[in-house]
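J.: Handing you this structure, nothing more for now.
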Amino acid sequence: AAVVHEGRVLVANVGDSRAYLIRNDQAIQITADHSWVAEQVKLGTITQEQAQTHAYRNLVTRCLGHRPGMQVDIFEHRLRTGDTLLLCSDGLTTMVSDEEIAGTLRSSGGDIGRAAQALVDEANDRGGEDNITVVVARFL
């Protein structure tokens, strides 16, 4: 979930859906994945490249509805004119790289509806192995 207020965005995160801040044509992941492979990458036991194809890459360590009192991470960022916020499910990020996400948003010519559809289409063209949810907001 994301709330924009007075030039800031607050993002609440649980699970492996992500939020990105696209600034200066670069996609910056502003949430942390709650998955077994993300924890192993953070510990240094596997590389980011190994995580992308690991057998346990879909094993989440935190999710909504699993048990009461779930810990939710909160991230806050100050927004700048021209920033783009992307909220998306892992159905997008397992199929389309961060660099490709930034490139698609850049090539949309500012049309966030077209950009969102292009991201979903790209993930589907690559197999669409999971649900693909994309929300894009541009800050003027």
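A note on labels: chains of the structure tokens are A, B, ... as shown, every chain counts residues from 1, and ligands are counted from 1 in their shown order.
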Mind checking which residues fall within 10 Å of region 100-110 of chain A, counting only C-alpha atoms, ignoring those fewer than 2 positions away in the same chain, and posting them as an NGL selection string?
T.: :A and (20-28 or 82 or 84 or 86 or 92-93 or 95-98 or 112-116 or 118-119 or 122 or 136 or 138)
J.: Gly15 (chain A): which residues within 8 Å, counting only C-alpha atoms, same-chain residues fewer than 5 positions away excluded, as a PDB file with all heavy atoms, in the first residue's frame?
T.:
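And here's around_5.pdb as it stands now:
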```
ATOM      1  N   ASP A  33      11.901  -7.579  -0.133  1.00  0.00           N
ATOM      2  CA  ASP A  33      11.156  -8.823  -0.319  1.00  0.00           C
ATOM      3  C   ASP A  33      11.230  -9.657   0.956  1.00  0.00           C
ATOM      4  O   ASP A  33      12.300  -9.799   1.557  1.00  0.00           O
ATOM      5  CB  ASP A  33      11.751  -9.653  -1.469  1.00  0.00           C
ATOM      6  CG  ASP A  33      11.547  -9.026  -2.826  1.00  0.00           C
ATOM      7  OD1 ASP A  33      10.802  -8.038  -2.935  1.00  0.00           O
ATOM      8  OD2 ASP A  33      12.135  -9.533  -3.793  1.00  0.00           O
ATOM      9  N   HIS A  34      10.103 -10.202   1.342  1.00  0.00           N
ATOM     10  CA  HIS A  34      10.057 -11.112   2.483  1.00  0.00           C
ATOM     11  C   HIS A  34       9.973 -12.534   1.938  1.00  0.00           C
ATOM     12  O   HIS A  34       8.923 -13.165   1.947  1.00  0.00           O
ATOM     13  CB  HIS A  34       8.868 -10.782   3.387  1.00  0.00           C
ATOM     14  CG  HIS A  34       8.912  -9.388   3.893  1.00  0.00           C
ATOM     15  ND1 HIS A  34       7.877  -8.514   3.765  1.00  0.00           N
ATOM     16  CD2 HIS A  34       9.910  -8.700   4.513  1.00  0.00           C
ATOM     17  CE1 HIS A  34       8.212  -7.349   4.301  1.00  0.00           C
ATOM     18  NE2 HIS A  34       9.439  -7.443   4.753  1.00  0.00           N
ATOM     19  N   SER A  35      11.114 -12.999   1.453  1.00  0.00           N
ATOM     20  CA  SER A  35      11.193 -14.333   0.874  1.00  0.00           C
ATOM     21  C   SER A  35      12.461 -15.020   1.369  1.00  0.00           C
ATOM     22  O   SER A  35      13.419 -14.363   1.796  1.00  0.00           O
ATOM     23  CB  SER A  35      11.198 -14.271  -0.658  1.00  0.00           C
ATOM     24  OG  SER A  35      12.380 -13.650  -1.126  1.00  0.00           O
ATOM     25  N   VAL A  60       7.634 -17.346   0.469  1.00  0.00           N
ATOM     26  CA  VAL A  60       7.581 -16.097   1.229  1.00  0.00           C
ATOM     27  C   VAL A  60       7.704 -16.395   2.717  1.00  0.00           C
ATOM     28  O   VAL A  60       7.248 -17.423   3.203  1.00  0.00           O
ATOM     29  CB  VAL A  60       6.296 -15.276   0.934  1.00  0.00           C
ATOM     30  CG1 VAL A  60       6.295 -14.762  -0.484  1.00  0.00           C
ATOM     31  CG2 VAL A  60       5.052 -16.060   1.227  1.00  0.00           C
ATOM     32  N   THR A  61       8.340 -15.481   3.421  1.00  0.00           N
ATOM     33  CA  THR A  61       8.537 -15.643   4.862  1.00  0.00           C
ATOM     34  C   THR A  61       7.570 -14.784   5.671  1.00  0.00           C
ATOM     35  O   THR A  61       7.447 -14.979   6.877  1.00  0.00           O
ATOM     36  CB  THR A  61       9.985 -15.301   5.252  1.00  0.00           C
ATOM     37  OG1 THR A  61      10.285 -13.972   4.801  1.00  0.00           O
ATOM     38  CG2 THR A  61      10.960 -16.287   4.628  1.00  0.00           C
ATOM     39  N   ARG A  62       6.916 -13.829   5.003  1.00  0.00           N
ATOM     40  CA  ARG A  62       5.872 -13.006   5.617  1.00  0.00           C
ATOM     41  C   ARG A  62       4.783 -12.783   4.587  1.00  0.00           C
ATOM     42  O   ARG A  62       5.076 -12.495   3.433  1.00  0.00           O
ATOM     43  CB  ARG A  62       6.405 -11.629   6.023  1.00  0.00           C
ATOM     44  CG  ARG A  62       7.098 -11.581   7.338  1.00  0.00           C
ATOM     45  CD  ARG A  62       7.204 -10.130   7.776  1.00  0.00           C
ATOM     46  NE  ARG A  62       8.591  -9.713   7.772  1.00  0.00           N
ATOM     47  CZ  ARG A  62       8.986  -8.472   7.880  1.00  0.00           C
ATOM     48  NH1 ARG A  62       8.106  -7.488   7.966  1.00  0.00           N
ATOM     49  NH2 ARG A  62      10.261  -8.166   7.895  1.00  0.00           N
ATOM     50  N   CYS A  63       3.543 -12.881   5.035  1.00  0.00           N
ATOM     51  CA  CYS A  63       2.430 -12.600   4.121  1.00  0.00           C
ATOM     52  C   CYS A  63       1.199 -12.213   4.941  1.00  0.00           C
ATOM     53  O   CYS A  63       1.082 -12.557   6.113  1.00  0.00           O
ATOM     54  CB  CYS A  63       2.125 -13.798   3.236  1.00  0.00           C
ATOM     55  SG  CYS A  63       1.617 -15.280   4.110  1.00  0.00           S
ATOM     56  N   LEU A  64       0.299 -11.487   4.299  1.00  0.00           N
ATOM     57  CA  LEU A  64      -0.947 -11.098   4.961  1.00  0.00           C
ATOM     58  C   LEU A  64      -1.874 -12.296   5.085  1.00  0.00           C
ATOM     59  O   LEU A  64      -1.924 -13.151   4.202  1.00  0.00           O
ATOM     60  CB  LEU A  64      -1.645  -9.998   4.158  1.00  0.00           C
ATOM     61  CG  LEU A  64      -0.947  -8.650   4.149  1.00  0.00           C
ATOM     62  CD1 LEU A  64      -1.693  -7.688   3.239  1.00  0.00           C
ATOM     63  CD2 LEU A  64      -0.852  -8.078   5.546  1.00  0.00           C
TER      64      LEU A  64
END
```
J.: Suppose you want the space between CA of Ala19 (chain A) and CA of Asp83 (chain A); what is it in Å?
T.: 12.9 Å
J.: At what distance in Å, to one decimal, does CA of Arg18 (chain A) lie from CA of Val3 (chain A)?
T.: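 CA of Arg18 (chain A) lies 14.5 Å from CA of Val3 (chain A).
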J.: Write out as a PyMOL selection string which residues come within 8 Å of Asp90 (chain A) when counting only C-alpha atoms, dropping same-chain ones fewer than 2 positions away.
T.: chain A and resi 16-18+88+92-94+130-132
J.: Between A:Asn13, A:Met70, A:Val37, A:Leu43, which residue has the minimum interatomic distance to Leu87 (chain A), considering only C-alpha atoms?
T.: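 Of A:Asn13, A:Met70, A:Val37, A:Leu43, the one nearest Leu87 (chain A) is A:Asn13, counting only C-alpha atoms.
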J.: Grab the CA of Ala55 (chain A) to CA of Glu129 (chain A) distance for me, in Å with one decimal place.
T.: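 Rounded to one decimal, the two atoms are 14.6 Å apart.
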J.: Rank nothing, just name the residue among A:Lys42, A:His77, A:Arg67, A:His54 nearest to Ala12 (chain A), using only C-alpha atoms.
T.: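 Of all the options, A:His77 lies closest to Ala12 (chain A).
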J.: If we count only C-alpha atoms, what is near Val11 (chain A) at a cut-off of 9 Å, once residues fewer than 3 positions away on the same chain are taken out, given as an NGL selection string?
T.: :A and (1-4 or 19 or 30-31 or 73-77)
J.: Would you mind telling me which residue in A:Val134, A:Val14, A:Val9, A:Leu59 lies nearest to Gln71 (chain A) when using only C-alpha atoms?
T.: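 Of the candidates, the smallest distance to Gln71 (chain A) is held by A:Val14.
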J.: Pick the closest to Val41 (chain A) from A:Glu6, A:Arg57, A:Asp121, A:Thr133: which is it, counting only C-alpha atoms?
T.: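 Closest residue, counting only C-alpha atoms: A:Arg57.
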